[in-house]
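Asker: Dropping in protein-v2.csv, which is CSV, C-alpha atoms:
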```
chain,number,residue,atom,x,y,z
L,1,MET,CA,70.2,127.3,116.6
L,2,PRO,CA,68.9,129.8,114.1
L,3,SER,CA,70.6,129.9,110.6
L,4,ARG,CA,73.3,132.5,110.3
L,5,PHE,CA,71.9,133.4,106.9
L,6,ALA,CA,69.6,136.3,106.4
L,7,ASP,CA,65.8,135.8,106.1
L,8,ARG,CA,63.8,135.7,102.9
L,9,THR,CA,61.3,138.5,103.6
L,10,SER,CA,60.0,139.3,100.1
L,11,VAL,CA,60.3,138.3,96.5
L,12,GLU,CA,62.1,141.5,95.8
L,13,VAL,CA,64.6,140.9,98.6
L,14,VAL,CA,65.2,137.3,97.4
L,15,GLU,CA,65.7,138.4,93.7
L,16,GLU,CA,67.5,141.7,94.1
L,17,GLY,CA,68.9,141.6,97.7
L,18,MET,CA,72.6,141.9,98.5
L,19,LEU,CA,72.9,139.4,101.4
L,20,LEU,CA,73.5,135.7,101.0
L,21,ALA,CA,70.3,133.9,102.1
L,22,PRO,CA,70.2,130.5,100.5
L,23,LYS,CA,67.0,128.4,100.5
L,24,PHE,CA,67.8,125.0,101.9
L,25,ASP,CA,65.2,122.3,101.0
L,26,ALA,CA,63.1,120.2,103.4
L,27,ASN,CA,66.3,118.0,104.0
L,28,GLY,CA,68.4,121.1,104.7
L,29,LEU,CA,70.2,120.8,101.3
L,30,ILE,CA,70.8,123.1,98.4
L,31,PRO,CA,72.0,121.8,95.0
L,32,VAL,CA,75.4,123.0,93.7
L,33,VAL,CA,76.5,123.0,90.1
L,34,THR,CA,80.3,122.8,89.9
L,35,THR,CA,82.1,124.0,86.7
L,36,ASP,CA,85.8,124.1,85.8
L,37,ALA,CA,86.7,127.8,86.1
L,38,ALA,CA,89.1,127.5,83.1
L,39,THR,CA,87.0,125.6,80.6
L,40,GLY,CA,83.4,126.1,81.8
L,41,GLU,CA,82.8,122.4,81.7
L,42,VAL,CA,80.2,121.2,84.2
L,43,LEU,CA,82.1,118.8,86.4
L,44,MET,CA,79.5,117.6,88.9
L,45,HIS,CA,76.2,118.3,90.6
L,46,ALA,CA,76.0,117.8,94.4
L,47,TYR,CA,74.4,119.2,97.5
L,48,MET,CA,75.5,121.3,100.4
L,49,ASN,CA,74.0,121.7,103.8
L,50,GLU,CA,74.6,124.9,105.9
L,51,ALA,CA,77.7,123.4,107.5
L,52,ALA,CA,79.2,122.5,104.1
L,53,LEU,CA,78.5,125.9,102.7
L,54,LEU,CA,80.2,127.6,105.7
L,55,LYS,CA,83.2,125.2,105.5
L,56,THR,CA,83.5,126.0,101.8
L,57,LEU,CA,83.5,129.7,102.5
L,58,GLU,CA,85.9,129.4,105.4
L,59,THR,CA,88.5,127.2,103.6
L,60,GLY,CA,88.0,128.2,100.0
L,61,GLU,CA,87.9,124.4,99.2
L,62,ALA,CA,84.7,122.7,98.0
L,63,HIS,CA,82.8,120.8,100.7
L,64,HIS,CA,79.5,119.1,100.2
L,65,TYR,CA,77.0,117.0,102.1
L,66,SER,CA,77.2,113.4,101.0
L,67,ARG,CA,73.7,112.0,100.8
L,68,SER,CA,75.0,108.4,100.5
L,69,ARG,CA,77.4,108.7,103.4
L,70,GLN,CA,75.2,111.2,105.3
L,71,GLN,CA,78.2,113.3,106.4
L,72,LEU,CA,80.2,116.4,105.5
L,73,TRP,CA,82.3,115.6,102.4
L,74,HIS,CA,85.6,117.4,101.7
L,75,LYS,CA,85.8,116.9,97.9
L,76,GLY,CA,89.1,115.3,97.1
L,77,ALA,CA,90.1,114.3,100.7
L,78,THR,CA,90.6,110.7,99.6
L,79,SER,CA,91.7,111.2,95.9
L,80,GLY,CA,93.7,114.3,96.4
L,81,LEU,CA,91.6,116.0,93.7
L,82,MET,CA,90.6,118.9,95.8
L,83,GLN,CA,88.6,121.8,94.3
L,84,SER,CA,89.7,125.4,94.9
L,85,VAL,CA,86.8,127.7,94.7
L,86,GLN,CA,87.3,130.6,92.3
L,87,GLN,CA,83.8,132.1,92.3
L,88,LEU,CA,80.5,131.2,94.0
L,89,LEU,CA,77.2,132.4,92.6
L,90,ILE,CA,73.6,132.0,93.7
L,91,ASP,CA,70.5,132.0,91.5
L,92,ASP,CA,67.5,134.3,91.3
L,93,ASP,CA,65.3,132.5,93.9
L,94,ARG,CA,68.4,131.4,95.8
L,95,ASP,CA,67.7,127.7,95.8
L,96,CYS,CA,70.8,126.7,93.8
L,97,LEU,CA,74.6,127.6,93.9
L,98,TRP,CA,77.1,127.7,91.0
L,99,MET,CA,80.6,127.1,92.0
L,100,LYS,CA,83.6,127.7,89.7
L,101,VAL,CA,86.6,125.7,90.7
L,102,ALA,CA,90.2,124.8,89.9
L,103,VAL,CA,90.8,121.1,90.4
L,104,ALA,CA,94.1,119.8,91.8
L,105,GLY,CA,96.2,117.0,90.4
L,106,THR,CA,94.9,115.4,87.2
L,107,GLY,CA,91.9,117.7,87.2
L,108,ALA,CA,89.3,115.0,87.5
L,109,SER,CA,86.2,115.4,89.6
L,110,CYS,CA,84.2,112.1,89.0
L,111,HIS,CA,84.6,109.1,91.3
L,112,VAL,CA,84.2,106.8,88.2
L,113,GLY,CA,87.6,108.2,87.0
L,114,TYR,CA,86.4,110.6,84.3
L,115,ARG,CA,87.2,114.3,84.3
L,116,SER,CA,83.5,115.3,84.5
L,117,CYS,CA,80.6,113.3,86.0
L,118,PHE,CA,78.8,114.1,82.7
L,119,TYR,CA,80.7,111.7,80.4
L,120,ARG,CA,77.7,110.4,78.4
L,121,GLN,CA,75.4,112.2,76.1
L,122,VAL,CA,71.9,111.2,74.9
L,123,SER,CA,72.2,109.9,71.4
L,124,PRO,CA,68.8,108.5,70.2
L,125,GLY,CA,68.7,106.6,66.9
L,126,GLU,CA,66.5,107.6,64.1
L,127,GLY,CA,62.9,107.3,65.2
L,128,ASP,CA,63.7,105.9,68.6
L,129,ILE,CA,62.0,108.6,70.6
L,130,LYS,CA,58.6,108.6,68.9
L,131,ALA,CA,58.6,104.8,68.6
L,132,GLY,CA,59.1,104.4,72.3
L,133,ARG,CA,62.3,102.4,71.9
L,134,PRO,CA,65.1,102.6,74.4
L,135,ILE,CA,67.3,105.7,74.0
L,136,ALA,CA,71.0,105.3,73.6
L,137,LEU,CA,73.9,107.1,75.3
L,138,ALA,CA,77.3,107.7,73.8
L,139,PHE,CA,80.5,108.4,75.8
L,140,THR,CA,81.9,111.9,75.4
L,141,GLU,CA,85.0,110.9,77.4
L,142,THR,CA,86.8,107.8,76.3
L,143,THR,CA,89.7,107.6,78.8
L,144,LYS,CA,89.6,107.5,82.6
L,145,THR,CA,92.0,109.9,84.2
L,146,PHE,CA,92.6,107.6,87.1
L,147,ASP,CA,91.9,104.1,88.3
L,148,PRO,CA,89.0,104.2,90.8
L,149,ILE,CA,90.0,100.9,92.4
L,150,ALA,CA,93.6,102.2,93.0
L,151,VAL,CA,92.3,105.4,94.5
L,152,TYR,CA,89.2,104.3,96.5
L,153,GLY,CA,89.9,100.6,97.1
L,154,ASN,CA,86.9,98.9,98.7
L,155,ALA,CA,85.2,102.1,99.9
L,156,PRO,CA,81.4,102.0,99.3
L,157,ASN,CA,80.5,103.3,95.9
L,158,PRO,CA,78.5,106.5,96.2
L,159,THR,CA,76.3,105.5,93.3
L,160,GLN,CA,72.9,104.3,94.7
L,161,LEU,CA,70.5,102.2,92.6
W,1,MET,CA,52.2,102.8,83.3
W,2,PRO,CA,55.8,101.7,83.5
W,3,SER,CA,58.5,104.1,82.7
W,4,ARG,CA,59.8,103.8,79.1
W,5,PHE,CA,63.3,104.3,80.4
W,6,ALA,CA,65.5,101.3,81.1
W,7,ASP,CA,65.9,99.8,84.6
W,8,ARG,CA,68.8,100.5,86.9
W,9,THR,CA,70.0,96.9,87.5
W,10,SER,CA,73.5,97.4,88.9
W,11,VAL,CA,76.1,100.1,89.7
W,12,GLU,CA,78.1,99.0,86.6
W,13,VAL,CA,75.0,99.4,84.4
W,14,VAL,CA,74.2,102.8,85.9
W,15,GLU,CA,77.8,104.1,85.6
W,16,GLU,CA,79.0,102.5,82.3
W,17,GLY,CA,75.7,101.5,80.6
W,18,MET,CA,74.7,102.8,77.2
W,19,LEU,CA,71.0,103.3,77.6
W,20,LEU,CA,69.2,106.4,79.0
W,21,ALA,CA,67.9,105.4,82.5
W,22,PRO,CA,67.5,108.6,84.5
W,23,LYS,CA,66.8,108.4,88.2
W,24,PHE,CA,63.8,110.5,89.1
W,25,ASP,CA,63.5,111.5,92.7
W,26,ALA,CA,60.6,110.7,95.1
W,27,ASN,CA,58.6,113.6,93.4
W,28,GLY,CA,59.3,112.2,90.0
W,29,LEU,CA,61.8,114.9,89.2
W,30,ILE,CA,65.4,115.1,88.0
W,31,PRO,CA,67.5,118.3,88.2
W,32,VAL,CA,68.7,119.9,85.0
W,33,VAL,CA,71.7,122.2,84.6
W,34,THR,CA,71.3,124.4,81.5
W,35,THR,CA,74.4,126.1,80.0
W,36,ASP,CA,74.8,128.4,77.0
W,37,ALA,CA,76.2,126.1,74.3
W,38,ALA,CA,78.3,129.0,72.9
W,39,THR,CA,79.7,130.5,76.1
W,40,GLY,CA,79.5,127.7,78.7
W,41,GLU,CA,77.7,130.1,81.1
W,42,VAL,CA,75.3,128.3,83.5
W,43,LEU,CA,71.9,129.9,82.6
W,44,MET,CA,69.6,128.1,85.0
W,45,HIS,CA,68.9,125.1,87.2
W,46,ALA,CA,65.4,123.5,87.0
W,47,TYR,CA,63.7,120.2,87.0
W,48,MET,CA,62.1,117.7,84.5
W,49,ASN,CA,59.7,115.0,85.1
W,50,GLU,CA,59.5,112.1,82.6
W,51,ALA,CA,56.9,113.9,80.4
W,52,ALA,CA,59.1,117.0,80.2
W,53,LEU,CA,62.2,115.0,79.3
W,54,LEU,CA,60.3,113.2,76.5
W,55,LYS,CA,58.9,116.4,75.2
W,56,THR,CA,62.4,117.9,75.2
W,57,LEU,CA,63.7,114.9,73.3
W,58,GLU,CA,60.8,114.9,70.8
W,59,THR,CA,60.8,118.6,70.0
W,60,GLY,CA,64.5,119.6,70.6
W,61,GLU,CA,63.3,122.5,72.7
W,62,ALA,CA,63.7,122.7,76.5
W,63,HIS,CA,60.7,121.7,78.6
W,64,HIS,CA,60.7,121.5,82.3
W,65,TYR,CA,58.3,120.7,85.1
W,66,SER,CA,57.4,123.9,86.9
W,67,ARG,CA,57.3,123.2,90.6
W,68,SER,CA,55.6,126.5,91.4
W,69,ARG,CA,52.9,126.1,88.7
W,70,GLN,CA,52.8,122.3,89.0
W,71,GLN,CA,52.7,121.8,85.2
W,72,LEU,CA,54.7,121.1,82.1
W,73,TRP,CA,56.7,124.2,81.3
W,74,HIS,CA,57.8,125.0,77.7
W,75,LYS,CA,60.7,127.4,78.4
W,76,GLY,CA,60.2,130.6,76.6
W,77,ALA,CA,56.5,130.0,75.6
W,78,THR,CA,55.6,133.4,77.2
W,79,SER,CA,58.7,135.4,76.6
W,80,GLY,CA,59.7,134.0,73.2
W,81,LEU,CA,63.1,133.1,74.6
W,82,MET,CA,62.9,129.4,73.7
W,83,GLN,CA,66.0,127.2,74.2
W,84,SER,CA,67.1,124.9,71.4
W,85,VAL,CA,68.9,121.8,72.8
W,86,GLN,CA,72.4,121.3,71.3
W,87,GLN,CA,73.5,118.5,73.6
W,88,LEU,CA,72.0,116.6,76.5
W,89,LEU,CA,74.3,114.7,79.0
W,90,ILE,CA,73.6,112.6,82.0
W,91,ASP,CA,75.9,112.2,85.0
W,92,ASP,CA,77.5,109.1,86.5
W,93,ASP,CA,74.7,108.0,88.8
W,94,ARG,CA,72.1,109.3,86.4
W,95,ASP,CA,70.3,111.7,88.8
W,96,CYS,CA,71.2,114.9,87.0
W,97,LEU,CA,71.1,116.2,83.4
W,98,TRP,CA,73.3,118.8,81.7
W,99,MET,CA,71.6,120.5,78.8
W,100,LYS,CA,73.6,122.8,76.4
W,101,VAL,CA,71.2,125.2,74.6
W,102,ALA,CA,71.1,128.1,72.1
W,103,VAL,CA,68.7,130.7,73.4
W,104,ALA,CA,66.4,132.6,71.0
W,105,GLY,CA,65.9,136.3,70.9
W,106,THR,CA,67.9,138.4,73.3
W,107,GLY,CA,69.5,135.2,74.7
W,108,ALA,CA,68.2,135.7,78.2
W,109,SER,CA,67.0,132.8,80.3
W,110,CYS,CA,66.1,134.4,83.7
W,111,HIS,CA,62.6,135.5,84.5
W,112,VAL,CA,64.0,138.5,86.5
W,113,GLY,CA,65.4,139.8,83.2
W,114,TYR,CA,69.0,138.8,83.4
W,115,ARG,CA,70.8,136.6,80.9
W,116,SER,CA,71.6,134.0,83.5
W,117,CYS,CA,69.7,133.2,86.7
W,118,PHE,CA,73.1,133.3,88.4
W,119,TYR,CA,73.6,137.1,88.4
W,120,ARG,CA,75.0,137.5,91.9
W,121,GLN,CA,78.2,136.2,93.4
W,122,VAL,CA,79.1,135.7,97.1
W,123,SER,CA,81.4,138.5,98.1
W,124,PRO,CA,82.2,138.4,101.9
W,125,GLY,CA,84.0,141.3,103.5
W,126,GLU,CA,87.2,140.8,105.4
W,127,GLY,CA,86.5,138.6,108.4
W,128,ASP,CA,82.7,138.3,107.8
W,129,ILE,CA,82.7,134.6,107.6
W,130,LYS,CA,84.6,133.7,110.7
W,131,ALA,CA,82.9,136.5,112.7
W,132,GLY,CA,79.4,135.2,111.8
W,133,ARG,CA,78.4,138.4,110.2
W,134,PRO,CA,76.0,138.5,107.2
W,135,ILE,CA,77.7,137.6,103.9
W,136,ALA,CA,77.3,140.1,101.0
W,137,LEU,CA,76.5,139.4,97.4
W,138,ALA,CA,77.6,141.5,94.4
W,139,PHE,CA,75.9,141.6,91.0
W,140,THR,CA,77.8,140.1,88.1
W,141,GLU,CA,75.2,141.4,85.6
W,142,THR,CA,74.3,145.0,85.9
W,143,THR,CA,71.8,145.4,83.1
W,144,LYS,CA,68.5,143.5,82.5
W,145,THR,CA,68.1,142.3,78.9
W,146,PHE,CA,64.3,142.7,79.1
W,147,ASP,CA,61.6,144.2,81.3
W,148,PRO,CA,59.9,141.4,83.2
W,149,ILE,CA,56.7,143.5,83.7
W,150,ALA,CA,56.4,144.1,80.0
W,151,VAL,CA,57.0,140.4,79.2
W,152,TYR,CA,55.1,138.6,82.0
W,153,GLY,CA,52.6,141.3,83.1
W,154,ASN,CA,50.7,140.2,86.2
W,155,ALA,CA,51.5,136.5,85.9
W,156,PRO,CA,52.5,134.9,89.3
W,157,ASN,CA,56.2,135.2,90.0
W,158,PRO,CA,57.8,131.7,90.1
W,159,THR,CA,60.1,132.8,93.0
W,160,GLN,CA,58.7,131.2,96.2
W,161,LEU,CA,59.6,132.5,99.6
```
The structure given in the file should be rewritten as structure tokens.
Answerer:
Amino acid sequence: MPSRFADRTSVEVVEEGMLLAPKFDANGLIPVVTTDAATGEVLMHAYMNEAALLKTLETGEAHHYSRSRQQLWHKGATSGLMQSVQQLLIDDDRDCLWMKVAVAGTGASCHVGYRSCFYRQVSPGEGDIKAGRPIALAFTETTKTFDPIAVYGNAPNPTQL
Amino acid sequence: MPSRFADRTSVEVVEEGMLLAPKFDANGLIPVVTTDAATGEVLMHAYMNEAALLKTLETGEAHHYSRSRQQLWHKGATSGLMQSVQQLLIDDDRDCLWMKVAVAGTGASCHVGYRSCFYRQVSPGEGDIKAGRPIALAFTETTKTFDPIAVYGNAPNPTQL
């Protein structure tokens, strides 16, 4: 079945065109950056396939393709922390989406329990980088907004080693 | 040569550990979301390899790996629009970075001339999605901050079809 999205016929069409024509990668996926529409905080980075993008557009709620579970993923279906899409943007060469959302419930988007998946910042000590020593992280969120065990139980953890 | 970054020994270490241990993909790359540290706007989405990440940490200026040019890419080296890293975060499963930057000069980060690479939003007409019709985009930025021809001349366009 051909994609319902318009073709990429020239650089000018890709960069300046007015029809949605996302570029899915060799695995049929496009990365999606999700930010909190109110605060601008980056909440998560995940992937959509064509079905997930269409489901998101049809319902107004964020859907992704789960690479670990290899299936369509309605964000928040288990936790109740659904994401309502406020704005969806595409980048210059159309290989990435930026989705601004309002999060239901406690406002958290990370399966570990934090508000954002980005809860640690790089914090090297003096001289660590040039000396080749391990580089430290520091937590930017100190309190989990929910208990992952209570919410997800024994479901497989999506974090892959 | 072994990576200088710490190993990923368990899910707990990956999610709660305090050492930088990014997960590079099969091509040796990790996606990087870049936002404007002052406004929170998503400016671009690109990739780093280990060398680009170390160069970014060493210099405090954003470096990526250019997939189109297949080489280390010092952001702004041609245009003068360098990005000074204010904060660098990593996500729960450590396969994505979020970099907050201050942009030099006009503050633009997009090779097309716009401030952000995300200068178009999805704007479907009534019924377009369910009816399977093409989905429209609308520009969110209307004025380019610089003239790409004047800045880049005849250099190959990084947008690939």
Asker: Kindly give the distance, in Å, that separates CA of Val103 in chain L and CA of Ala37 in chain L, rounded to a single decimal.
Answerer: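 Here the two named atoms are 9.0 Å from each other.
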Asker: Can you pull out every residue within 12 Å of Leu72 in chain L, counting all atoms listed in the file, but drop anything in the same chain fewer than 4 positions away, and send it as a PyMOL selection string?
Answerer: chain L and resi 29+46-56+62-68+77
Asker: Using all atoms listed in the file, find which residues of chain L lie within 7 Å of chain W and jot them down as a VMD selection string.
Answerer: chain L and resid 4 to 6 8 10 to 11 18 to 20 40 to 41 58 88 to 93 117 to 122 129 to 130 132 134 to 138 159 161
Asker: Report the distance between CA of Gly113 in chain W and CA of Phe146 in chain W in Å, rounded to one decimal place.
Answerer: 5.1 Å
Asker: Which value, in Å to one decimal, gives the distance between CA of Ala38 in chain W and CA of Gln86 in chain W?
Answerer: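 So the answer is 9.8 Å.
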Asker: Which one is closest to Gly76 in chain W: W:Glu126, W:Pro156, W:Val151, W:Gly28? Count all atoms listed in the file.
Answerer: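 For Gly76 in chain W, the nearest of the candidates is W:Val151.
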Asker: With distances taken over all atoms listed in the file, which of L:Ala108, L:Glu61, L:Gln70, L:Gly153 is nearest to Val85 in chain L?
Answerer: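 Looking at the shortest contact to Val85 in chain L, the residue is L:Glu61.
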Asker: Between L:Ile30, L:Phe24, L:Gly60, L:Lys100, which has the minimum distance to His74 in chain L (counting only C-alpha atoms)?
Answerer: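 Closest to His74 in chain L, using only C-alpha atoms: L:Gly60.
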Asker: Just need range 132-143 of chain L in a file, please: all heavy atoms, as a tab-separated table (two decimals), in the first residue's frame.
Answerer:
```
chain	number	residue	atom	x	y	z
L	132	GLY	N	40.17	12.08	30.69
L	132	GLY	CA	39.62	10.78	30.31
L	132	GLY	C	38.96	10.04	31.45
L	132	GLY	O	38.70	8.84	31.34
L	133	ARG	N	38.67	10.75	32.53
L	133	ARG	CA	37.99	10.09	33.66
L	133	ARG	C	36.48	9.99	33.38
L	133	ARG	O	35.95	10.73	32.55
L	133	ARG	CB	38.21	10.90	34.94
L	133	ARG	CG	39.63	10.80	35.49
L	133	ARG	CD	39.70	11.36	36.90
L	133	ARG	NE	39.55	12.81	36.93
L	133	ARG	CZ	40.57	13.69	36.94
L	133	ARG	NH1	41.81	13.26	36.94
L	133	ARG	NH2	40.33	14.98	36.98
L	134	PRO	N	35.78	9.08	34.08
L	134	PRO	CA	34.31	9.00	33.92
L	134	PRO	C	33.66	10.34	34.19
L	134	PRO	O	34.14	11.13	35.03
L	134	PRO	CB	33.90	7.97	34.98
L	134	PRO	CG	35.12	7.14	35.20
L	134	PRO	CD	36.28	8.08	35.03
L	135	ILE	N	32.57	10.60	33.49
L	135	ILE	CA	31.89	11.90	33.58
L	135	ILE	C	30.61	11.72	34.39
L	135	ILE	O	29.79	10.86	34.09
L	135	ILE	CB	31.60	12.44	32.18
L	135	ILE	CG1	32.93	12.69	31.46
L	135	ILE	CG2	30.76	13.72	32.25
L	135	ILE	CD1	32.79	12.94	29.98
L	136	ALA	N	30.47	12.55	35.42
L	136	ALA	CA	29.34	12.38	36.34
L	136	ALA	C	28.05	12.98	35.79
L	136	ALA	O	28.06	13.90	34.96
L	136	ALA	CB	29.68	13.03	37.68
L	137	LEU	N	26.94	12.45	36.28
L	137	LEU	CA	25.61	13.01	36.07
L	137	LEU	C	25.09	13.53	37.40
L	137	LEU	O	25.50	13.06	38.46
L	137	LEU	CB	24.64	11.94	35.55
L	137	LEU	CG	24.98	11.26	34.22
L	137	LEU	CD1	23.98	10.15	33.92
L	137	LEU	CD2	25.01	12.27	33.09
L	138	ALA	N	24.17	14.49	37.34
L	138	ALA	CA	23.50	14.97	38.55
L	138	ALA	C	22.00	15.00	38.26
L	138	ALA	O	21.59	15.35	37.15
L	138	ALA	CB	23.99	16.38	38.91
L	139	PHE	N	21.20	14.64	39.22
L	139	PHE	CA	19.75	14.64	39.03
L	139	PHE	C	19.23	16.08	38.99
L	139	PHE	O	19.60	16.91	39.82
L	139	PHE	CB	19.05	13.86	40.15
L	139	PHE	CG	19.05	12.38	39.92
L	139	PHE	CD1	20.19	11.63	40.18
L	139	PHE	CD2	17.92	11.74	39.43
L	139	PHE	CE1	20.20	10.25	39.95
L	139	PHE	CE2	17.93	10.37	39.20
L	139	PHE	CZ	19.07	9.62	39.45
L	140	THR	N	18.34	16.35	38.02
L	140	THR	CA	17.68	17.66	37.97
L	140	THR	C	16.26	17.56	38.55
L	140	THR	O	15.66	18.58	38.85
L	140	THR	CB	17.59	18.18	36.52
L	140	THR	OG1	16.94	17.19	35.72
L	140	THR	CG2	18.97	18.45	35.96
L	141	GLU	N	15.75	16.33	38.65
L	141	GLU	CA	14.49	16.10	39.38
L	141	GLU	C	14.83	15.21	40.55
L	141	GLU	O	15.55	14.21	40.39
L	141	GLU	CB	13.45	15.40	38.50
L	141	GLU	CG	12.92	16.25	37.37
L	141	GLU	CD	11.73	15.59	36.65
L	141	GLU	OE1	10.82	15.07	37.31
L	141	GLU	OE2	11.74	15.59	35.41
L	142	THR	N	14.33	15.53	41.71
L	142	THR	CA	14.71	14.75	42.89
L	142	THR	C	13.57	13.90	43.42
L	142	THR	O	13.78	12.98	44.20
L	142	THR	CB	15.20	15.70	44.02
L	142	THR	OG1	14.21	16.70	44.20
L	142	THR	CG2	16.51	16.35	43.64
L	143	THR	N	12.36	14.17	42.96
L	143	THR	CA	11.21	13.43	43.48
L	143	THR	C	10.42	12.82	42.33
L	143	THR	O	10.09	13.51	41.36
L	143	THR	CB	10.28	14.39	44.25
L	143	THR	OG1	11.05	15.13	45.19
L	143	THR	CG2	9.19	13.61	44.99
```
